[in-house]
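These notes concern the structure reproduced below.
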Number of protein chains: 2
Amino acid sequence: MLSERRLEVLRAIVQDYVGTEEPVGSKALTERHNLGVSPATVRNDMAALEDEGFIAQPHTSAGRIPTDKGYRLFVDKLAGVKPMTGPERRAIQNFLEGAVDLDDVVARTVRLLAQLTRQVAVVQYPSLTRSTVRHVELLSLAPARLMLVLITDTGRVEQRMVDCPAPFGESSLADLRARLNSRVAGRRFSDVPSLVEDLAEAFEAEDRGTVSTVLSTLLETLVEENEERLMIGGTANLTRFGHDFPLVIRPVLEALEEQVVLLKLLGEAKDPGVTVRIGHENAHEGLNSTSVVSVGYGSGGEAVAKLGVVGPTRMDYPGTMGAVRAVARYVGQILAES
Amino acid sequence: MLSERRLEVLRAIVQDYVGTEEPVGSKALTERHNLGVSPATVRNDMAALEDEGFIAQPHTSAGRIPTDKGYRLFVDKLAGVKPMTGPERRAIQNFLEGAVDLDDVVARTVRLLAQLTRQVAVVQYPSLTRSTVRHVELLSLAPARLMLVLITDTGRVEQRMVDCPAPFGESSLADLRARLNSRVAGRRFSDVPSLVEDLAEAFEAEDRGTVSTVLSTLLETLVEENEERLMIGGTANLTRFGHDFPLVIRPVLEALEEQVVLLKLLGEAKDPGVTVRIGHENAHEGLNSTSVVSVGYGSGGEAVAKLGVVGPTRMDYPGTMGAVRAVARYVGQILAES
DNA sequence: TCTGGCACTCGCGCACCGTGAGTGCCAGGG
DNA sequence: CCCTGGCACTCACGGTGCGCGAGTGCCAGA
């Protein structure tokens, strides 16, 4: 096992490298942190850390930089989560409180996260299946054309067109609307399929086709693949990535455009607290030189979706984790109020 | 005025430069285009074009590159719009037809435009004020809390919370909903303010406060500033911008994050056809080295919103204009069908 | 186990230079 | 008058060579 001092050396290396973006050498280290030992000793420690795979040299006769494994150790054992200061908390709250609807909440959250962390922010909309039904609305647009509108307790609204197999009267429509709502309003979306299963049976034969079309459209919106949405922002922060720009930034931007990739990325994090995935821990190749810091948020105790940031592996983990956690907490509050 | 041949030289310079991304010299020009004259003559023409400000030298003893003014002349006088090929048209149509709702239409359009033009795509949601009201829905969430949902003929759905000054009964709600819809359904949103002006008067004194709160919330959603939404994509294409990366790309990404800037950008284009704004013609400083190609789209004859792309001034104008125009046409069709 | 000393490595920045594409100008010819 | 071939000049670019210095590994001694 690594001695206390060696861990201290690793911590110092991570901190310095994150600050300066330059490989850090033994002399510079002893000057900026009082480790109480000489550079030569630090050199031995560094050699040991390198043997263990926690740090590496970009080339001989250069300083060391942390490896993914080094950052992992730093995050797990050496660093906490830096809490936000009072003024920061207030600023977050103020900024989020002006939102007029869910889109606005998400948009503001993205901007806020991007600004606080100076990284790329990703915010997932509250998942339908993990939310509660507030109301289901059915509108008649044409004799054989309906619009289905779902509204969740988190303020999310989804709409779908329904082409009916047969004309559907106003009274049948009112009937269906009433029955639907009495069954599902206030219930969790994940329970909806079983709750509406036998609904068609209550209708006249001529209407049953339409009713089951409506129901299957309703169920389709709940399929995992379709129902997830997200918003990203702060991509301009990618320009602070490093010097060897195009090659690094390109795949990152491409990955960010693939919602599927991002959803997987956020979805993988099962930890109830803040999750950090570092460099190669990310399955997607384009994100091998980035770290993802994410956390679930929700109006109650339970998480209805995730949010997080994507940045260079060389990032300020304690600060980023603190910001992400704080923002998630306040977003949860805002959603609970609306 | 410039002679025919000099215009031809300019066209050749633009074409070559767009293709190679490198300053083009007199010798290379005569080799690749049969202008029927010698390099020396071309040199004289180039000198003249430079005097007029259509081309410039990055440094002495390098070839010439077109200036913004040069591209402007090229777009206005020397190049047409390159129509899409049959297979391309079919691909566009297929790709857009799978969309399930408006968000999906917009998202697909963005992806499509980004792929076709290999540039950054921007698509504005159909403007509320230029659309027609399909339905206004009012839901009671709590005794003194309503949700207002607006649905347009283009499939756009907006929702707002309304905190009522006093409890509002189910029957009053049904009454208000019916009256509202009978007045505004099928009418243009821009006419809504005058159509609902005196609606509160029809209600009992105790309900008037709530009714006017609902109405003012309704009117607020129509304020220009709030009602515009847009989606962007294809930012990864910015990496193909040039060599001097960070400095150019940074302000562009920043500008793209400012919805206000983009909306202004699209809004400025008044031309009914494809509009091109080149380099410094764009008011926003960060976009001085980009060109914006935009066009209005709509379900009927009239434009309900704009879409377009943002790319380097050195872009394939005829091709880009053709793609933008074609996509707008098909999006209009899709919207008309839904 | 830590420390100071020492020889060694090697990337970085800088100066230097040859090459070649490109230019402007000019005198001569159609 | 316009076009052409010729000519001298300019200057960015790429390659080479070199000194500096930060950083390293190793070792002997405290």
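FYI, nothing fancy with the structure tokens labels: chains A, B, ... in order, residues from 1 per chain, ligands from 1 as they appear.
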When you look at DG25 of chain D with a cut-off of 10 Å (counting only C-alpha atoms (C1' of nucleotides)), what residues show up, excluding the ones that are within fewer than 5 positions of it in the same chain? I need them as a ChimeraX atom specification.
/A:40,43-44,47 /C:7-8
For chain A, which residues have at least one atom within 8 Å of chain C, if we go by only C-alpha atoms (C1' of nucleotides)? Write them as a PyMOL selection string, please.
chain A and resi 37-38+40-41+60-62
Could you give me, as a Markdown table, every chain A residue with an atom at most 9 Å from chain B, plus its closest atom pair and distance in Å to one decimal, counting only C-alpha atoms, rows ordered by chain then number?
| residue | atom | partner | partner_atom | distance |
| --- | --- | --- | --- | --- |
| A:Val100 | CA | B:Arg160 | CA | 6.7 |
| A:Asp101 | CA | B:Arg160 | CA | 6.0 |
| A:Leu102 | CA | B:Gln159 | CA | 8.8 |
| A:Arg134 | CA | B:Leu141 | CA | 7.9 |
| A:His135 | CA | B:Leu139 | CA | 8.1 |
| A:Glu137 | CA | B:Glu137 | CA | 8.6 |
| A:Leu139 | CA | B:His135 | CA | 8.1 |
| A:Leu141 | CA | B:Arg134 | CA | 7.9 |
| A:Gly155 | CA | B:Gln159 | CA | 8.5 |
| A:Val157 | CA | B:Gln159 | CA | 7.8 |
| A:Glu158 | CA | B:Val157 | CA | 8.5 |
| A:Gln159 | CA | B:Asp101 | CA | 6.9 |
| A:Arg160 | CA | B:Asp101 | CA | 6.0 |
| A:Met161 | CA | B:Asp101 | CA | 7.4 |
| A:Gly233 | CA | B:Glu257 | CA | 7.0 |
| A:Gly234 | CA | B:Glu257 | CA | 7.2 |
| A:Thr235 | CA | B:Leu253 | CA | 6.7 |
| A:Ala236 | CA | B:Leu253 | CA | 4.9 |
| A:Asn237 | CA | B:Arg250 | CA | 8.1 |
| A:Leu238 | CA | B:Arg250 | CA | 8.5 |
| A:Thr239 | CA | B:Pro246 | CA | 5.9 |
| A:Arg240 | CA | B:Pro246 | CA | 8.4 |
| A:His243 | CA | B:Pro246 | CA | 8.7 |
| A:Phe245 | CA | B:Pro246 | CA | 7.4 |
| A:Pro246 | CA | B:Thr239 | CA | 6.0 |
| A:Leu247 | CA | B:Thr239 | CA | 8.7 |
| A:Ile249 | CA | B:Thr239 | CA | 7.8 |
| A:Arg250 | CA | B:Ala236 | CA | 5.8 |
| A:Pro251 | CA | B:Ala236 | CA | 7.7 |
| A:Val252 | CA | B:Ala236 | CA | 8.1 |
| A:Leu253 | CA | B:Ala236 | CA | 4.9 |
| A:Glu254 | CA | B:Ala236 | CA | 5.5 |
| A:Ala255 | CA | B:Ala236 | CA | 9.0 |
| A:Leu256 | CA | B:Ala236 | CA | 8.8 |
| A:Glu257 | CA | B:Gly233 | CA | 7.0 |
| A:Ser338 | CA | B:Met161 | CA | 7.8 |
Go ahead and save the residues from that selection, with N, CA and C atoms, as a compact mmCIF listing (two decimals), in the first residue's frame.
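The resulting file, again33.txt, is shown below:
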# COMPACT_ATOMS: atom_id res chain seq x y z
N VAL A 100 -40.32 30.02 -16.25
CA VAL A 100 -41.77 30.02 -16.45
C VAL A 100 -42.35 28.63 -16.72
N ASP A 101 -41.56 27.74 -17.27
CA ASP A 101 -42.06 26.38 -17.49
C ASP A 101 -40.89 25.40 -17.48
N LEU A 102 -41.17 24.15 -17.72
CA LEU A 102 -40.12 23.14 -17.60
C LEU A 102 -38.98 23.38 -18.58
N ARG A 134 -50.16 13.79 -14.28
CA ARG A 134 -50.99 14.85 -13.73
C ARG A 134 -52.32 14.87 -14.47
N HIS A 135 -52.23 14.72 -15.79
CA HIS A 135 -53.44 14.79 -16.60
C HIS A 135 -53.19 14.22 -17.99
N GLU A 137 -54.89 14.58 -21.74
CA GLU A 137 -55.90 15.33 -22.48
C GLU A 137 -56.05 14.74 -23.88
N LEU A 139 -57.82 15.74 -27.60
CA LEU A 139 -58.49 16.77 -28.37
C LEU A 139 -58.86 16.21 -29.73
N LEU A 141 -59.17 16.89 -33.51
CA LEU A 141 -58.70 17.86 -34.49
C LEU A 141 -59.51 17.74 -35.78
N GLY A 155 -44.11 18.89 -14.75
CA GLY A 155 -44.33 19.96 -15.71
C GLY A 155 -44.02 19.58 -17.14
N VAL A 157 -44.63 18.06 -20.76
CA VAL A 157 -45.79 17.88 -21.63
C VAL A 157 -45.35 17.18 -22.90
N GLU A 158 -46.01 16.08 -23.24
CA GLU A 158 -45.72 15.38 -24.49
C GLU A 158 -46.99 15.31 -25.31
N GLN A 159 -46.88 15.49 -26.61
CA GLN A 159 -48.10 15.35 -27.40
C GLN A 159 -47.86 14.41 -28.58
N ARG A 160 -48.91 13.74 -29.00
CA ARG A 160 -48.82 12.82 -30.13
C ARG A 160 -50.10 12.91 -30.95
N MET A 161 -49.94 12.77 -32.26
CA MET A 161 -51.10 12.69 -33.13
C MET A 161 -51.62 11.25 -33.11
N GLY A 233 -25.37 22.42 -23.18
CA GLY A 233 -24.94 23.80 -23.36
C GLY A 233 -23.53 24.00 -22.83
N GLY A 234 -22.98 25.17 -23.13
CA GLY A 234 -21.64 25.47 -22.65
C GLY A 234 -20.56 24.84 -23.50
N THR A 235 -20.91 24.47 -24.72
CA THR A 235 -19.90 23.83 -25.57
C THR A 235 -18.71 24.76 -25.86
N ALA A 236 -18.96 26.06 -25.71
CA ALA A 236 -17.85 27.00 -25.94
C ALA A 236 -16.72 26.73 -24.95
N ASN A 237 -17.06 26.14 -23.82
CA ASN A 237 -16.02 25.83 -22.83
C ASN A 237 -15.05 24.77 -23.31
N LEU A 238 -15.43 24.05 -24.33
CA LEU A 238 -14.52 23.04 -24.87
C LEU A 238 -13.26 23.68 -25.41
N THR A 239 -13.34 24.93 -25.78
CA THR A 239 -12.16 25.60 -26.35
C THR A 239 -11.06 25.75 -25.32
N ARG A 240 -11.42 25.62 -24.03
CA ARG A 240 -10.38 25.73 -23.00
C ARG A 240 -9.74 24.36 -22.77
N HIS A 243 -4.20 22.42 -25.95
CA HIS A 243 -3.56 23.02 -27.11
C HIS A 243 -3.82 22.18 -28.36
N PHE A 245 -6.02 21.00 -29.80
CA PHE A 245 -7.41 21.14 -30.10
C PHE A 245 -8.15 20.14 -30.95
N PRO A 246 -8.12 20.37 -32.26
CA PRO A 246 -9.08 19.71 -33.15
C PRO A 246 -9.23 18.24 -32.86
N LEU A 247 -8.16 17.57 -32.67
CA LEU A 247 -8.20 16.13 -32.51
C LEU A 247 -8.97 15.69 -31.28
N ILE A 249 -11.23 17.73 -29.49
CA ILE A 249 -12.54 18.36 -29.40
C ILE A 249 -13.54 17.75 -30.38
N ARG A 250 -13.09 17.36 -31.50
CA ARG A 250 -13.94 16.82 -32.54
C ARG A 250 -14.81 15.65 -32.06
N PRO A 251 -14.17 14.59 -31.60
CA PRO A 251 -14.98 13.45 -31.13
C PRO A 251 -15.88 13.81 -29.96
N VAL A 252 -15.46 14.74 -29.15
CA VAL A 252 -16.31 15.13 -28.02
C VAL A 252 -17.58 15.78 -28.54
N LEU A 253 -17.43 16.72 -29.44
CA LEU A 253 -18.60 17.37 -30.01
C LEU A 253 -19.50 16.36 -30.70
N GLU A 254 -18.87 15.43 -31.38
CA GLU A 254 -19.68 14.41 -32.06
C GLU A 254 -20.46 13.56 -31.05
N ALA A 255 -19.79 13.19 -30.00
CA ALA A 255 -20.46 12.38 -28.98
C ALA A 255 -21.61 13.17 -28.36
N LEU A 256 -21.39 14.46 -28.15
CA LEU A 256 -22.42 15.27 -27.52
C LEU A 256 -23.65 15.42 -28.41
N GLU A 257 -23.46 15.25 -29.69
CA GLU A 257 -24.61 15.37 -30.59
C GLU A 257 -25.45 14.10 -30.60
N SER A 338 -43.53 23.45 -8.55
CA SER A 338 -44.32 23.82 -9.73
C SER A 338 -45.49 22.88 -9.99
Given only C-alpha atoms (C1' of nucleotides) as the basis, pick out the residue of D:DG6, D:DG14, D:DG29, D:DG21 nearest to chain A.
D:DG21
At a cut-off of 9 Å, using only C-alpha atoms (C1' of nucleotides), what residues contact segment 205-213 of chain A? Leave out same-chain residues fewer than 3 positions from it and give the result as an mmCIF file with N, CA and C atoms, in the first residue's frame.
data_model
loop_
_atom_site.group_PDB
_atom_site.id
_atom_site.type_symbol
_atom_site.label_atom_id
_atom_site.label_comp_id
_atom_site.auth_asym_id
_atom_site.auth_seq_id
_atom_site.Cartn_x
_atom_site.Cartn_y
_atom_site.Cartn_z
ATOM 1 N N ALA A 144 -61.578 12.026 -37.596
ATOM 2 C CA ALA A 144 -60.841 10.811 -37.294
ATOM 3 C C ALA A 144 -59.393 11.114 -36.915
ATOM 4 N N VAL A 162 -52.926 11.103 -33.200
ATOM 5 C CA VAL A 162 -53.509 9.763 -33.304
ATOM 6 C C VAL A 162 -54.460 9.736 -34.499
ATOM 7 N N ASP A 163 -54.160 8.893 -35.459
ATOM 8 C CA ASP A 163 -55.085 8.722 -36.576
ATOM 9 C C ASP A 163 -56.021 7.572 -36.246
ATOM 10 N N CYS A 164 -57.310 7.866 -36.148
ATOM 11 C CA CYS A 164 -58.269 6.855 -35.707
ATOM 12 C C CYS A 164 -58.722 5.988 -36.877
ATOM 13 N N PRO A 165 -58.967 4.746 -36.599
ATOM 14 C CA PRO A 165 -59.481 3.843 -37.639
ATOM 15 C C PRO A 165 -60.916 4.201 -38.034
ATOM 16 N N ALA A 166 -61.642 4.872 -37.144
ATOM 17 C CA ALA A 166 -63.021 5.255 -37.461
ATOM 18 C C ALA A 166 -63.326 6.583 -36.789
ATOM 19 N N PRO A 167 -64.305 7.334 -37.304
ATOM 20 C CA PRO A 167 -64.688 8.605 -36.672
ATOM 21 C C PRO A 167 -65.053 8.366 -35.211
ATOM 22 N N PHE A 168 -64.793 9.355 -34.390
ATOM 23 C CA PHE A 168 -64.944 9.182 -32.957
ATOM 24 C C PHE A 168 -65.752 10.361 -32.434
ATOM 25 N N GLY A 169 -66.912 10.117 -31.910
ATOM 26 C CA GLY A 169 -67.818 11.196 -31.510
ATOM 27 C C GLY A 169 -67.356 11.987 -30.304
ATOM 28 N N SER A 172 -68.085 10.126 -27.000
ATOM 29 C CA SER A 172 -67.139 9.037 -26.754
ATOM 30 C C SER A 172 -65.808 9.615 -26.280
ATOM 31 N N LEU A 176 -63.947 8.733 -22.920
ATOM 32 C CA LEU A 176 -62.602 8.170 -22.868
ATOM 33 C C LEU A 176 -61.691 9.041 -22.008
ATOM 34 N N LEU A 199 -59.168 -1.159 -20.869
ATOM 35 C CA LEU A 199 -60.053 0.001 -21.002
ATOM 36 C C LEU A 199 -60.958 -0.089 -22.233
ATOM 37 N N ALA A 200 -60.439 -0.669 -23.296
ATOM 38 C CA ALA A 200 -61.212 -0.727 -24.537
ATOM 39 C C ALA A 200 -62.524 -1.490 -24.356
ATOM 40 N N GLU A 201 -62.501 -2.437 -23.438
ATOM 41 C CA GLU A 201 -63.681 -3.284 -23.258
ATOM 42 C C GLU A 201 -64.915 -2.517 -22.819
ATOM 43 N N ALA A 202 -64.696 -1.375 -22.171
ATOM 44 C CA ALA A 202 -65.832 -0.605 -21.663
ATOM 45 C C ALA A 202 -66.573 0.135 -22.776
ATOM 46 N N SER A 216 -52.444 2.489 -27.476
ATOM 47 C CA SER A 216 -51.115 2.045 -27.896
ATOM 48 C C SER A 216 -50.208 3.246 -28.175
ATOM 49 N N THR A 217 -50.802 4.350 -28.653
ATOM 50 C CA THR A 217 -49.996 5.561 -28.820
ATOM 51 C C THR A 217 -49.487 6.026 -27.458
ATOM 52 N N LEU A 218 -50.375 5.954 -26.481
ATOM 53 C CA LEU A 218 -50.003 6.344 -25.118
ATOM 54 C C LEU A 218 -48.840 5.492 -24.620
#
Per residue of chain D within 10 Å of chain A, record the nearest atom pair and its distance in Å to one decimal, counting only C-alpha atoms (C1' of nucleotides), with rows in chain order and ascending residue number, as CSV.
residue,atom,partner,partner_atom,distance
D:DA22,C1',A:Ala62,CA,7.3
D:DG23,C1',A:Ser61,CA,4.8
D:DT24,C1',A:Ser61,CA,5.8
D:DG25,C1',A:Arg43,CA,8.8
Residues flagged alpha helix (DSSP H) by DSSP in segment 105-152 of chain B, as a list in words:
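Here are the alpha helix (DSSP H) residues of segment 105-152 of chain B: Val105, Val106, Ala107, Arg108, Thr109, Val110, Arg111, Leu112, Leu113, Ala114, Gln115, Leu116 and Thr117 of chain B.
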Report as a PyMOL selection string all protein, DNA and RNA residues lying within 7 Å of Tyr125 of chain B, evaluated on only C-alpha atoms (C1' of nucleotides), omitting residues in the same chain fewer than 6 positions from it.
chain B and resi 228-230+305
Using only C-alpha atoms (C1' of nucleotides), which residues sit within 10 Å of Ala121 of chain B once same-chain residues fewer than 4 positions away are excluded, as a list of chain:residue names?
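Residues near the query, excluding close chain neighbours: B:Thr109, B:Val110, B:Arg111, B:Leu112, B:Leu113, B:Ala114, B:Gln115, B:Leu116, B:Thr117, B:Met231, B:Ile232, B:Gly233, B:Gly234, B:Thr235, B:Asn237, B:Val292, B:Val293, B:Ser294, B:Leu307, B:Gly308, B:Val309, B:Val310, B:Gly311, B:Val324.
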Let me see the file: selected residues, N, CA and C atoms, as a short mmCIF file (atom, residue, chain, number, x, y, z; two decimals), in the first residue's frame.
data_model
loop_
_atom_site.label_atom_id
_atom_site.label_comp_id
_atom_site.auth_asym_id
_atom_site.auth_seq_id
_atom_site.Cartn_x
_atom_site.Cartn_y
_atom_site.Cartn_z
N THR B 109 -34.81 17.84 -38.63
CA THR B 109 -34.41 18.86 -39.58
C THR B 109 -33.00 19.36 -39.29
N VAL B 110 -32.72 19.57 -38.02
CA VAL B 110 -31.40 20.03 -37.65
C VAL B 110 -30.33 19.03 -38.08
N ARG B 111 -30.57 17.77 -37.77
CA ARG B 111 -29.60 16.74 -38.12
C ARG B 111 -29.40 16.67 -39.63
N LEU B 112 -30.51 16.72 -40.33
CA LEU B 112 -30.47 16.63 -41.78
C LEU B 112 -29.66 17.77 -42.39
N LEU B 113 -29.98 18.97 -41.97
CA LEU B 113 -29.28 20.14 -42.50
C LEU B 113 -27.78 20.06 -42.19
N ALA B 114 -27.48 19.65 -40.97
CA ALA B 114 -26.07 19.57 -40.58
C ALA B 114 -25.33 18.56 -41.44
N GLN B 115 -25.99 17.45 -41.71
CA GLN B 115 -25.36 16.42 -42.52
C GLN B 115 -25.21 16.84 -43.98
N LEU B 116 -26.25 17.39 -44.53
CA LEU B 116 -26.23 17.77 -45.93
C LEU B 116 -25.18 18.84 -46.21
N THR B 117 -25.12 19.83 -45.34
CA THR B 117 -24.24 20.97 -45.62
C THR B 117 -22.89 20.83 -44.93
N MET B 231 -33.46 25.29 -32.18
CA MET B 231 -32.59 24.16 -31.89
C MET B 231 -31.39 24.25 -32.82
N ILE B 232 -30.23 23.91 -32.32
CA ILE B 232 -29.06 23.91 -33.18
C ILE B 232 -28.38 22.55 -33.13
N GLY B 233 -27.56 22.28 -34.12
CA GLY B 233 -26.86 21.01 -34.16
C GLY B 233 -25.75 21.03 -35.19
N GLY B 234 -24.94 20.01 -35.16
CA GLY B 234 -23.84 19.93 -36.12
C GLY B 234 -22.64 20.77 -35.73
N THR B 235 -22.56 21.10 -34.44
CA THR B 235 -21.44 21.93 -34.02
C THR B 235 -20.10 21.24 -34.25
N ASN B 237 -19.11 20.10 -36.81
CA ASN B 237 -18.61 20.55 -38.11
C ASN B 237 -17.72 21.78 -38.00
N VAL B 292 -23.98 33.14 -42.91
CA VAL B 292 -25.24 32.55 -42.49
C VAL B 292 -26.16 32.45 -43.71
N VAL B 293 -26.60 31.25 -43.98
CA VAL B 293 -27.52 31.04 -45.10
C VAL B 293 -28.86 30.63 -44.49
N SER B 294 -29.90 31.43 -44.73
CA SER B 294 -31.17 31.13 -44.08
C SER B 294 -32.33 31.32 -45.04
N LEU B 307 -35.06 28.79 -40.95
CA LEU B 307 -34.02 27.80 -40.65
C LEU B 307 -32.82 28.14 -41.50
N GLY B 308 -31.68 27.61 -41.14
CA GLY B 308 -30.48 27.94 -41.90
C GLY B 308 -29.24 27.27 -41.35
N VAL B 309 -28.11 27.64 -41.92
CA VAL B 309 -26.85 27.09 -41.43
C VAL B 309 -25.84 28.21 -41.22
N VAL B 310 -24.87 27.92 -40.37
CA VAL B 310 -23.79 28.85 -40.10
C VAL B 310 -22.49 28.12 -40.43
N GLY B 311 -21.67 28.74 -41.25
CA GLY B 311 -20.42 28.09 -41.63
C GLY B 311 -19.36 29.12 -41.96
N VAL B 324 -30.44 24.17 -48.15
CA VAL B 324 -31.30 24.91 -47.21
C VAL B 324 -32.69 25.11 -47.82
#
